[in-house]
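S.K.: Input structure: start20.txt, which contains compact mmCIF, C-alpha atoms.
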# COMPACT_ATOMS: atom_id res chain seq x y z
CA MET Q 1 94.68 107.76 130.38
CA ASN Q 2 97.98 106.31 131.47
CA LYS Q 3 100.93 107.07 129.24
CA MET Q 4 103.70 104.54 129.62
CA TYR Q 5 106.79 106.06 128.08
CA PHE Q 6 110.22 104.53 127.91
CA ASN Q 7 112.58 106.16 130.40
CA PHE Q 8 115.60 107.28 128.40
CA LYS Q 9 118.74 107.88 130.42
CA LEU Q 10 122.31 108.02 129.23
CA PRO Q 11 124.19 105.17 130.83
CA PHE Q 12 126.13 105.71 134.03
CA ALA Q 13 129.32 104.64 132.25
CA PHE Q 14 129.01 107.66 129.92
CA ALA Q 15 128.67 110.13 132.82
CA LEU Q 16 131.57 108.54 134.67
CA LEU Q 17 133.73 108.54 131.53
CA PHE Q 18 133.04 112.24 130.95
CA LEU Q 19 134.00 113.13 134.53
CA VAL Q 20 137.17 111.06 134.32
CA HIS Q 21 138.23 112.94 131.18
CA LEU Q 22 137.53 116.29 132.85
CA GLY Q 23 139.43 115.32 135.96
CA GLU Q 24 142.69 114.20 134.38
CA SER Q 25 145.90 116.00 135.34
CA GLN Q 26 147.58 118.51 133.05
CA PRO Q 27 148.77 116.61 129.98
CA ALA Q 28 152.07 116.74 128.18
CA VAL Q 29 151.52 118.89 125.08
CA PHE Q 30 152.87 118.08 121.62
CA ASP Q 31 152.32 120.96 119.18
CA VAL Q 32 152.57 119.88 115.54
CA THR Q 33 154.22 123.19 114.61
CA LYS Q 34 157.19 122.03 116.69
CA PHE Q 35 157.38 119.02 114.39
CA GLY Q 36 157.45 120.99 111.15
CA ALA Q 37 153.79 121.81 110.44
CA LYS Q 38 153.25 125.26 108.97
CA PRO Q 39 149.83 126.96 109.01
CA ASP Q 40 148.50 128.80 106.00
CA SER Q 41 151.00 127.23 103.63
CA ASN Q 42 150.89 124.67 100.83
CA GLU Q 43 152.79 122.04 102.84
CA ASP Q 44 151.21 118.75 103.86
CA ILE Q 45 151.25 118.28 107.64
CA SER Q 46 150.78 114.50 107.61
CA LYS Q 47 154.36 113.67 108.65
CA ALA Q 48 154.36 116.31 111.38
CA LEU Q 49 151.11 114.97 112.82
CA LEU Q 50 152.38 111.38 112.72
CA SER Q 51 155.62 112.35 114.48
CA ALA Q 52 153.85 114.35 117.19
CA PHE Q 53 151.32 111.57 117.75
CA LYS Q 54 154.00 108.89 117.98
CA GLU Q 55 155.80 110.75 120.77
CA ALA Q 56 152.55 111.52 122.57
CA CYS Q 57 151.37 107.92 122.32
CA ASN Q 58 154.60 106.76 123.98
CA SER Q 59 154.17 109.17 126.88
CA LYS Q 60 153.58 107.49 130.24
CA ILE Q 61 151.45 110.42 131.41
CA PRO Q 62 148.33 111.81 129.68
CA SER Q 63 149.23 113.69 126.52
CA LYS Q 64 147.72 116.13 124.05
CA VAL Q 65 148.58 116.64 120.40
CA VAL Q 66 147.64 120.15 119.30
CA ILE Q 67 147.09 121.52 115.81
CA PRO Q 68 146.80 125.26 116.50
CA LYS Q 69 144.61 127.72 114.66
CA GLY Q 70 145.19 128.24 110.96
CA ILE Q 71 144.54 126.40 107.71
CA TYR Q 72 146.57 123.27 107.05
CA LEU Q 73 146.70 120.86 104.13
CA MET Q 74 146.65 117.22 105.20
CA ASN Q 75 146.85 114.03 103.18
CA GLN Q 76 145.65 110.66 104.51
CA VAL Q 77 146.81 109.83 108.04
CA ARG Q 78 146.43 106.73 110.19
CA LEU Q 79 147.08 107.11 113.93
CA GLU Q 80 147.60 103.76 115.67
CA GLY Q 81 147.56 102.78 119.34
CA ASN Q 82 148.05 101.23 121.72
CA CYS Q 83 149.08 104.29 123.70
CA LYS Q 84 150.62 104.16 127.17
CA ALA Q 85 148.25 106.72 128.71
CA PRO Q 86 145.13 108.71 127.77
CA ILE Q 87 145.68 110.86 124.71
CA GLU Q 88 143.85 113.83 123.19
CA LEU Q 89 144.01 115.24 119.69
CA GLU Q 90 143.01 118.90 119.87
CA ILE Q 91 142.20 120.36 116.46
CA GLN Q 92 141.86 124.13 116.65
CA ALA Q 93 142.54 124.49 112.93
CA THR Q 94 140.82 123.95 109.63
CA LEU Q 95 142.27 120.86 107.96
CA LYS Q 96 141.80 120.50 104.20
CA ALA Q 97 141.91 117.23 102.28
CA PRO Q 98 143.17 117.02 98.68
CA PRO Q 99 140.15 117.97 96.54
CA ASN Q 100 140.90 115.55 93.70
CA PRO Q 101 139.92 111.96 94.57
CA SER Q 102 142.65 110.61 92.28
CA GLN Q 103 145.23 112.00 94.74
CA LEU Q 104 144.03 109.65 97.48
CA LYS Q 105 144.47 105.95 98.20
CA LYS Q 106 141.15 104.13 97.92
CA ASP Q 107 141.95 101.66 100.71
CA MET Q 108 142.51 104.34 103.36
CA GLU Q 109 140.31 106.97 105.01
CA TRP Q 110 141.34 110.60 105.31
CA LEU Q 111 141.97 110.46 109.09
CA THR Q 112 141.88 107.08 110.82
CA ILE Q 113 142.19 106.50 114.58
CA ASN Q 114 142.74 102.87 115.63
CA HIS Q 115 143.07 100.80 118.83
CA ILE Q 116 143.19 103.44 121.56
CA ASP Q 117 141.74 103.42 125.07
CA HIS Q 118 140.78 106.83 126.54
CA PHE Q 119 141.10 108.85 123.36
CA THR Q 120 139.64 112.35 122.97
CA LEU Q 121 139.19 114.36 119.79
CA SER Q 122 138.33 118.00 120.51
CA GLY Q 123 139.21 121.62 119.80
CA GLY Q 124 136.42 123.13 117.70
CA GLY Q 125 138.30 122.50 114.46
CA ILE Q 126 137.02 121.72 110.98
CA PHE Q 127 137.76 118.67 108.84
CA ASP Q 128 137.12 119.94 105.31
CA GLY Q 129 136.98 116.93 103.00
CA GLN Q 130 136.60 119.14 99.89
CA GLY Q 131 134.43 116.37 98.51
CA GLU Q 132 132.56 118.01 95.65
CA GLN Q 133 134.71 116.46 92.91
CA GLY Q 134 134.01 112.99 94.31
CA TRP Q 135 130.24 113.10 94.71
CA ALA Q 136 129.53 112.13 91.10
CA GLN Q 137 131.39 108.87 91.79
CA ASN Q 138 128.97 108.11 94.64
CA ASP Q 139 126.00 107.61 92.34
CA CYS Q 140 125.57 103.89 93.04
CA LYS Q 141 122.92 103.60 90.36
CA ASN Q 142 125.24 104.74 87.58
CA SER Q 143 128.84 104.49 88.84
CA GLU Q 144 130.95 101.34 89.23
CA SER Q 145 133.28 103.22 91.61
CA CYS Q 146 130.49 103.89 94.11
CA GLY Q 147 131.64 103.63 97.71
CA LYS Q 148 135.37 103.58 97.00
CA LEU Q 149 136.27 107.08 98.18
CA PRO Q 150 137.72 107.82 101.64
CA ASN Q 151 135.57 108.79 104.59
CA ASN Q 152 136.54 111.97 106.42
CA LEU Q 153 137.01 110.29 109.82
CA SER Q 154 137.26 106.64 110.80
CA PHE Q 155 137.27 105.42 114.42
CA ASN Q 156 138.10 101.74 114.86
CA PHE Q 157 138.38 99.75 118.08
CA LEU Q 158 138.35 102.74 120.42
CA THR Q 159 137.26 102.26 124.03
CA ASN Q 160 136.16 104.77 126.67
CA SER Q 161 136.61 107.67 124.27
CA ILE Q 162 135.01 111.02 123.45
CA ILE Q 163 134.65 112.97 120.19
CA ARG Q 164 133.51 116.50 120.96
CA ASP Q 165 133.18 119.95 119.42
CA ILE Q 166 134.41 119.20 115.92
CA THR Q 167 132.98 119.86 112.43
CA SER Q 168 133.10 117.56 109.42
CA LEU Q 169 132.55 119.43 106.17
CA ASP Q 170 131.91 118.12 102.64
CA SER Q 171 133.25 114.60 103.02
CA LYS Q 172 133.90 112.64 99.84
CA LEU Q 173 132.03 109.63 101.28
CA PHE Q 174 130.86 109.10 104.88
CA HIS Q 175 131.75 111.87 107.29
CA ILE Q 176 132.35 109.56 110.24
CA ASN Q 177 132.66 105.76 110.28
CA VAL Q 178 132.69 103.78 113.54
CA LEU Q 179 133.65 100.10 113.82
CA GLY Q 180 134.40 97.85 116.77
CA CYS Q 181 134.19 100.56 119.44
CA LYS Q 182 133.04 100.32 123.05
CA ASN Q 183 131.86 103.24 125.19
CA LEU Q 184 132.33 105.95 122.56
CA THR Q 185 130.54 109.29 122.88
CA PHE Q 186 129.97 112.10 120.38
CA ILE Q 187 129.10 115.50 121.87
CA GLY Q 188 128.62 118.74 119.97
CA VAL Q 189 129.51 117.30 116.58
CA ASN Q 190 128.56 119.39 113.56
CA ILE Q 191 128.30 117.75 110.12
CA LYS Q 192 127.69 119.79 106.98
CA ALA Q 193 127.25 118.83 103.34
CA PRO Q 194 124.61 119.74 100.75
CA ALA Q 195 121.63 117.50 100.01
CA GLN Q 196 123.07 116.61 96.60
CA SER Q 197 126.26 115.09 98.11
CA LEU Q 198 125.44 111.45 97.36
CA ASN Q 199 126.28 108.66 99.82
CA THR Q 200 127.71 110.98 102.45
CA ASP Q 201 126.26 109.44 105.63
CA GLY Q 202 126.82 111.64 108.65
CA ILE Q 203 127.78 109.01 111.25
CA HIS Q 204 127.78 105.33 110.28
CA VAL Q 205 128.23 102.78 113.06
CA ALA Q 206 128.65 99.01 113.09
CA ARG Q 207 129.71 96.21 115.47
CA SER Q 208 130.02 98.52 118.47
CA ARG Q 209 128.59 98.68 121.98
CA GLY Q 210 127.75 101.60 124.25
CA LEU Q 211 127.58 104.46 121.74
CA ASN Q 212 126.21 107.93 122.55
CA ILE Q 213 125.51 110.75 120.09
CA THR Q 214 124.16 113.88 121.72
CA ASN Q 215 123.73 117.65 121.22
CA SER Q 216 124.79 117.48 117.58
CA GLN Q 217 123.67 118.90 114.23
CA ILE Q 218 123.90 116.81 111.08
CA GLY Q 219 123.03 117.92 107.56
CA THR Q 220 124.20 115.84 104.61
CA GLY Q 221 123.22 114.00 101.41
CA ASP Q 222 122.38 110.60 102.93
CA ASP Q 223 121.47 109.21 106.36
CA CYS Q 224 122.27 111.61 109.17
CA ILE Q 225 123.00 108.53 111.29
CA SER Q 226 123.10 105.03 109.81
CA ILE Q 227 123.20 101.98 112.05
CA GLY Q 228 124.72 98.81 110.67
CA ASP Q 229 124.84 95.34 112.14
CA GLY Q 230 126.22 94.39 115.54
CA ILE Q 231 125.12 97.51 117.44
CA GLN Q 232 124.25 97.11 121.12
CA GLN Q 233 123.02 99.86 123.45
CA MET Q 234 123.16 103.04 121.38
CA TYR Q 235 121.68 106.33 122.61
CA ILE Q 236 120.90 109.23 120.24
CA THR Q 237 119.62 112.37 121.98
CA ASN Q 238 119.15 116.03 121.07
CA VAL Q 239 120.25 115.62 117.47
CA THR Q 240 118.98 117.85 114.67
CA CYS Q 241 118.97 116.22 111.24
CA GLY Q 242 118.51 118.01 107.93
CA PRO Q 243 119.05 117.89 105.06
CA GLY Q 244 119.47 114.15 104.84
CA HIS Q 245 117.72 110.79 104.86
CA GLY Q 246 116.98 110.63 108.58
CA ILE Q 247 118.18 108.25 111.28
CA SER Q 248 118.21 104.73 109.84
CA VAL Q 249 118.73 101.25 111.19
CA GLY Q 250 120.05 99.35 108.18
CA SER Q 251 119.94 98.47 105.52
CA LEU Q 252 120.28 94.95 106.94
CA GLY Q 253 120.13 91.41 105.62
CA LYS Q 254 122.13 91.73 102.45
CA THR Q 255 125.30 90.09 103.79
CA PRO Q 256 125.52 86.67 105.47
CA GLY Q 257 126.65 86.58 109.10
CA GLU Q 258 125.33 89.97 110.16
CA LEU Q 259 125.19 90.40 113.93
CA PRO Q 260 121.99 91.41 115.79
CA VAL Q 261 121.08 95.05 116.43
CA VAL Q 262 119.84 95.25 120.02
CA GLY Q 263 119.01 98.41 121.96
CA VAL Q 264 118.76 101.66 119.98
CA PHE Q 265 117.20 104.63 121.79
CA VAL Q 266 116.39 107.86 119.93
CA GLN Q 267 114.94 110.76 121.94
CA ASN Q 268 114.42 114.51 121.61
CA CYS Q 269 115.54 114.64 117.98
CA THR Q 270 114.34 117.00 115.25
CA PHE Q 271 114.14 116.34 111.51
CA ILE Q 272 113.89 119.30 109.15
CA ASP Q 273 113.18 118.89 105.39
CA THR Q 274 114.56 115.34 105.37
CA ASP Q 275 113.58 112.45 103.11
CA ASN Q 276 112.89 110.28 106.15
CA GLY Q 277 112.54 110.70 109.88
CA VAL Q 278 113.10 107.49 111.87
CA ARG Q 279 113.55 104.47 109.63
CA VAL Q 280 114.32 100.74 109.73
CA LYS Q 281 115.22 99.13 106.40
CA THR Q 282 115.96 95.50 105.50
CA TRP Q 283 116.42 93.80 102.16
CA PRO Q 284 113.95 91.32 100.68
CA ALA Q 285 115.33 87.85 99.88
CA SER Q 286 117.70 88.51 102.75
CA HIS Q 287 119.90 86.47 105.02
CA ASN Q 288 118.73 85.88 108.60
CA GLY Q 289 119.00 88.75 111.04
CA VAL Q 290 117.67 90.22 114.27
CA VAL Q 291 116.61 93.76 115.20
CA ARG Q 292 115.26 94.16 118.72
CA ASP Q 293 114.57 96.93 121.24
CA LEU Q 294 114.27 100.07 119.13
CA HIS Q 295 112.66 103.02 120.89
CA TYR Q 296 111.83 106.43 119.38
CA GLU Q 297 110.37 109.10 121.65
CA ASP Q 298 109.79 112.87 121.64
CA ILE Q 299 110.51 113.35 117.94
CA ILE Q 300 109.72 116.49 115.91
CA VAL Q 301 109.35 116.26 112.13
CA GLN Q 302 109.15 119.40 110.02
CA ASN Q 303 108.23 118.92 106.35
CA VAL Q 304 109.62 115.37 106.27
CA SER Q 305 108.72 113.09 103.36
CA ASN Q 306 108.46 109.84 105.34
CA PRO Q 307 108.39 110.58 109.07
CA VAL Q 308 108.08 106.98 110.38
CA VAL Q 309 109.22 103.99 108.33
CA ILE Q 310 109.75 100.27 108.72
CA ASP Q 311 110.60 99.04 105.23
CA GLN Q 312 111.34 95.34 104.86
CA LEU Q 313 111.21 95.58 101.08
CA TYR Q 314 114.11 98.02 100.82
CA CYS Q 315 115.37 97.66 97.26
CA PRO Q 316 117.21 100.67 95.83
CA TYR Q 317 117.54 100.66 92.05
CA ASN Q 318 115.35 97.48 91.94
CA GLN Q 319 118.42 95.27 92.20
CA CYS Q 320 116.83 92.52 94.28
CA LYS Q 321 114.09 89.88 94.38
CA LYS Q 322 111.08 91.60 95.90
CA ASP Q 323 108.93 88.49 95.68
CA LEU Q 324 111.01 86.77 98.40
CA PRO Q 325 110.55 88.06 101.97
CA SER Q 326 113.14 89.52 104.27
CA GLN Q 327 114.40 87.14 106.95
CA VAL Q 328 115.38 89.88 109.38
CA LYS Q 329 113.19 89.59 112.48
CA ILE Q 330 112.10 92.94 113.97
CA SER Q 331 110.61 93.05 117.50
CA LYS Q 332 110.08 95.31 120.51
CA VAL Q 333 109.81 98.62 118.68
CA SER Q 334 108.10 101.72 120.07
CA PHE Q 335 107.16 105.04 118.43
CA LYS Q 336 105.97 107.57 121.01
CA ASN Q 337 105.20 111.29 120.97
CA ILE Q 338 106.12 111.95 117.35
CA ARG Q 339 104.64 115.17 116.03
CA GLY Q 340 104.94 117.63 113.18
CA THR Q 341 104.34 117.74 109.42
CA SER Q 342 104.81 115.41 106.48
CA ARG Q 343 105.28 116.50 102.88
CA THR Q 344 103.69 113.25 101.67
CA GLN Q 345 100.40 111.66 102.68
CA ASP Q 346 102.12 108.43 103.75
CA ALA Q 347 103.22 109.74 107.13
CA ILE Q 348 103.44 106.32 108.81
CA GLN Q 349 104.72 103.27 106.94
CA ILE Q 350 105.12 100.06 108.94
CA ASN Q 351 105.65 97.45 106.27
CA CYS Q 352 107.06 94.30 107.81
CA SER Q 353 108.15 90.99 106.32
CA LYS Q 354 105.56 88.36 105.41
CA GLY Q 355 108.21 85.76 106.23
CA VAL Q 356 108.97 86.99 109.77
CA PRO Q 357 106.28 89.54 110.74
CA CYS Q 358 107.13 92.28 113.23
CA GLU Q 359 106.26 91.63 116.87
CA GLY Q 360 105.88 93.90 119.87
CA VAL Q 361 105.39 97.15 117.95
CA GLU Q 362 103.90 99.92 120.11
CA VAL Q 363 102.60 103.25 118.82
CA GLY Q 364 101.72 106.12 121.13
CA ASP Q 365 100.72 109.77 120.77
CA ILE Q 366 101.37 110.35 117.06
CA ASP Q 367 100.35 113.76 115.71
CA ILE Q 368 101.56 114.25 112.12
CA THR Q 369 99.68 116.33 109.60
CA TYR Q 370 100.10 116.43 105.82
CA ASN Q 371 101.28 119.68 104.25
CA GLY Q 372 99.47 119.15 100.95
CA ASN Q 373 95.90 119.58 99.74
CA GLU Q 374 95.09 116.05 98.55
CA GLY Q 375 93.63 114.95 101.87
CA PRO Q 376 94.77 114.03 105.39
CA ALA Q 377 97.91 112.13 106.30
CA LYS Q 378 97.55 108.36 106.32
CA SER Q 379 99.36 105.19 107.32
CA THR Q 380 100.20 101.93 105.59
CA CYS Q 381 100.85 98.70 107.47
CA GLN Q 382 101.72 95.14 106.48
CA ASN Q 383 102.43 92.04 108.56
CA VAL Q 384 102.22 93.81 111.90
CA ASP Q 385 99.65 94.04 114.70
CA PRO Q 386 100.74 96.97 116.87
CA SER Q 387 99.42 98.05 120.25
CA PHE Q 388 98.33 101.64 120.85
CA ILE Q 389 98.63 104.27 123.56
CA GLY Q 390 97.20 107.79 123.31
CA LYS Q 391 96.06 109.49 120.12
CA GLN Q 392 97.04 108.54 116.59
CA ILE Q 393 96.94 111.21 113.88
CA PRO Q 394 96.75 109.72 111.35
CA PRO Q 395 95.15 106.51 112.68
CA VAL Q 396 97.88 103.87 112.47
CA CYS Q 397 97.19 100.43 110.96
CA ALA Q 398 93.43 101.05 111.12
CA GLY Q 399 93.77 101.45 114.87
CA PRO Q 400 91.64 103.83 116.96
CA ALA Q 401 92.18 107.59 116.80
CA GLU Q 402 92.72 107.48 120.56
CA SER Q 403 93.49 104.65 122.96
CA SER Q 404 93.81 104.38 126.67
Spit out the file's structure as structure tokens when you get a sec.

M.R.:
Amino acid sequence: MNKMYFNFKLPFAFALLFLVHLGESQPAVFDVTKFGAKPDSNEDISKALLSAFKEACNSKIPSKVVIPKGIYLMNQVRLEGNCKAPIELEIQATLKAPPNPSQLKKDMEWLTINHIDHFTLSGGGIFDGQGEQGWAQNDCKNSESCGKLPNNLSFNFLTNSIIRDITSLDSKLFHINVLGCKNLTFIGVNIKAPAQSLNTDGIHVARSRGLNITNSQIGTGDDCISIGDGIQQMYITNVTCGPGHGISVGSLGKTPGELPVVGVFVQNCTFIDTDNGVRVKTWPASHNGVVRDLHYEDIIVQNVSNPVVIDQLYCPYNQCKKDLPSQVKISKVSFKNIRGTSRTQDAIQINCSKGVPCEGVEVGDIDITYNGNEGPAKSTCQNVDPSFIGKQIPPVCAGPAESS
């Protein structure tokens, strides 16, 4: 049989950007300890970092701000461009946020980077959000303050930039939030938080174009990667997710004026003990929206509750009108070479909107077995008529066990 698989390749712009960063001349170095920062003390380094960054940002040659090894306390910091030349923030240290949420402004993230072209964050350092005291406030079912805590890292309106070799630990809310960026790449990012850390998405992205997340490990209490509206051409490769809620497009449709999601490519990713694997979720009774060109290939699921999900009746806490259909149109979606084990029988769930049924869904070479004793894995499908390539275990949407 002929197997027609989508050819995933990171865009040329990413490769060129990476080489440009490697090939830059020796930068001017601005060490925060020269601006008053003291490692392994009880002093906040926020002012020292701001001062070092301001001088580096005004440099007419490439510059590097360095936080050397040690443990530093840091309050909320916002670093603003536009800078006169490429700039790097090299974190060799462990940075610790105030543990008590009441010590932090609710309208500001812990570390925010805004409006910079050719920015690099590197160094192998750790951003320790010390978020445990805040997680109880993230229970959106029972807490009015849900979603009002600071994210660990926020990247806004960056272009041609790289985030590499950093760790985000125990964020109070999202670990990383991305908005309005173009040609932004994450390499070797490590995200760690326990499964009970509510609403702590690993990397949340919205209204950005040309994003790459590769060779990273994400374990947290919510989506490992969550994709909001306005995303175009996003590539996720060689990512391990777990614990967490998987890689999710959405939820979409709740807010008027959401922009289309077009071109999301997920390949060579592994999900271990997660609630979901690959998932698309839209609200019922929604506003209009578009999701197009989603492609999932070479995926491994290990003891995952819901390995493959399209859910157009997404309604957490039953706070919506399920009798009215979603108006988010989903089309051109492929699931290929997905294999492993499910801890529920419902291994495949493709439940589309009765108002705007899914179109162009392709399923190929699925091999997912159920871990339990109640019977084999199964699929559920609504308002979709997919095409098939290769074998389907379990048979998907009453399709054949094997297709040519």

S.K.: Could you tell me which of Q:His115, Q:Lys54, Q:Lys105, Q:Lys354 comes closest to Lys148 of chain Q if we count all atoms listed in the file?

M.R.: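 Result for the nearest residue to Lys148 of chain Q: Q:Lys105.
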
S.K.: Given only C-alpha atoms as the basis, pick out the residue of Q:Leu173, Q:Ala136, Q:Ile166, Q:Cys269 nearest to Thr214 of chain Q.

M.R.: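 Comparing Q:Leu173, Q:Ala136, Q:Ile166, Q:Cys269 against Thr214 of chain Q, the winner is Q:Cys269.
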
S.K.: Which of these, Q:Pro39, Q:Gly372, Q:Gly277, Q:Gly250, has the shortest distance to Val308 of chain Q once you count all atoms listed in the file?

M.R.: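 For Val308 of chain Q, the nearest of the candidates is Q:Gly277.
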
S.K.: In Å, rounded to a single decimal, give me how far atom CA of Ala97 of chain Q is from atom CA of Ile67 of chain Q.

M.R.: 15.1 Å

S.K.: Just how far from atom CA of Gly230 of chain Q is atom CA of Val356 of chain Q, in Å to one decimal?

M.R.: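 We find that atom CA of Val356 of chain Q and atom CA of Gly230 of chain Q lie 19.6 Å from each other.
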
S.K.: Tell me which residues come within 8 Å of (146.4, 105.5, 126.6), as an MDAnalysis selection string, counting all atoms listed in the file in the file's coordinates.

M.R.: chainID Q and resid 57 62 81:87 116:119

S.K.: In Å, rounded to a single decimal, give me how far atom CA of Glu362 of chain Q is from atom CA of Val333 of chain Q.

M.R.: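 Between these atoms lies a distance of 6.2 Å.
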
S.K.: Tell me which of Q:Leu324, Q:Val301, Q:Val32, Q:Ile366 sits closest to Val278 of chain Q, counting all atoms listed in the file.

M.R.: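 Of the candidates, the smallest distance to Val278 of chain Q is held by Q:Val301.
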
S.K.: Of the candidates Q:Gln137, Q:Ile163, Q:Pro243, Q:His175, which one gets nearest to Leu198 of chain Q if we count all atoms listed in the file?

M.R.: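 Smallest distance to Leu198 of chain Q is found for Q:Gln137.
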
S.K.: Could you give me, as a PDB file with C-alpha atoms, in the frame of the given file, the residues that have an atom at most 10 Å away from the point (98.8, 98.5, 104.4) in the coordinates of the file, using all atoms listed in the file?

M.R.:
ATOM      1  CA  GLN Q 349     104.720 103.270 106.940  1.00  0.00           C
ATOM      2  CA  ILE Q 350     105.120 100.060 108.940  1.00  0.00           C
ATOM      3  CA  ASN Q 351     105.650  97.450 106.270  1.00  0.00           C
ATOM      4  CA  CYS Q 352     107.060  94.300 107.810  1.00  0.00           C
ATOM      5  CA  SER Q 379      99.360 105.190 107.320  1.00  0.00           C
ATOM      6  CA  THR Q 380     100.200 101.930 105.590  1.00  0.00           C
ATOM      7  CA  CYS Q 381     100.850  98.700 107.470  1.00  0.00           C
ATOM      8  CA  GLN Q 382     101.720  95.140 106.480  1.00  0.00           C
ATOM      9  CA  ASN Q 383     102.430  92.040 108.560  1.00  0.00           C
ATOM     10  CA  VAL Q 384     102.220  93.810 111.900  1.00  0.00           C
ATOM     11  CA  VAL Q 396      97.880 103.870 112.470  1.00  0.00           C
ATOM     12  CA  CYS Q 397      97.190 100.430 110.960  1.00  0.00           C
ATOM     13  CA  ALA Q 398      93.430 101.050 111.120  1.00  0.00           C
TER      14      ALA Q 398
END

S.K.: Nearest to Leu89 of chain Q: which of Q:His295, Q:Arg164, Q:Arg209, Q:Lys321 is it, counting only C-alpha atoms?

M.R.: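 Of all the options, Q:Arg164 lies closest to Leu89 of chain Q.
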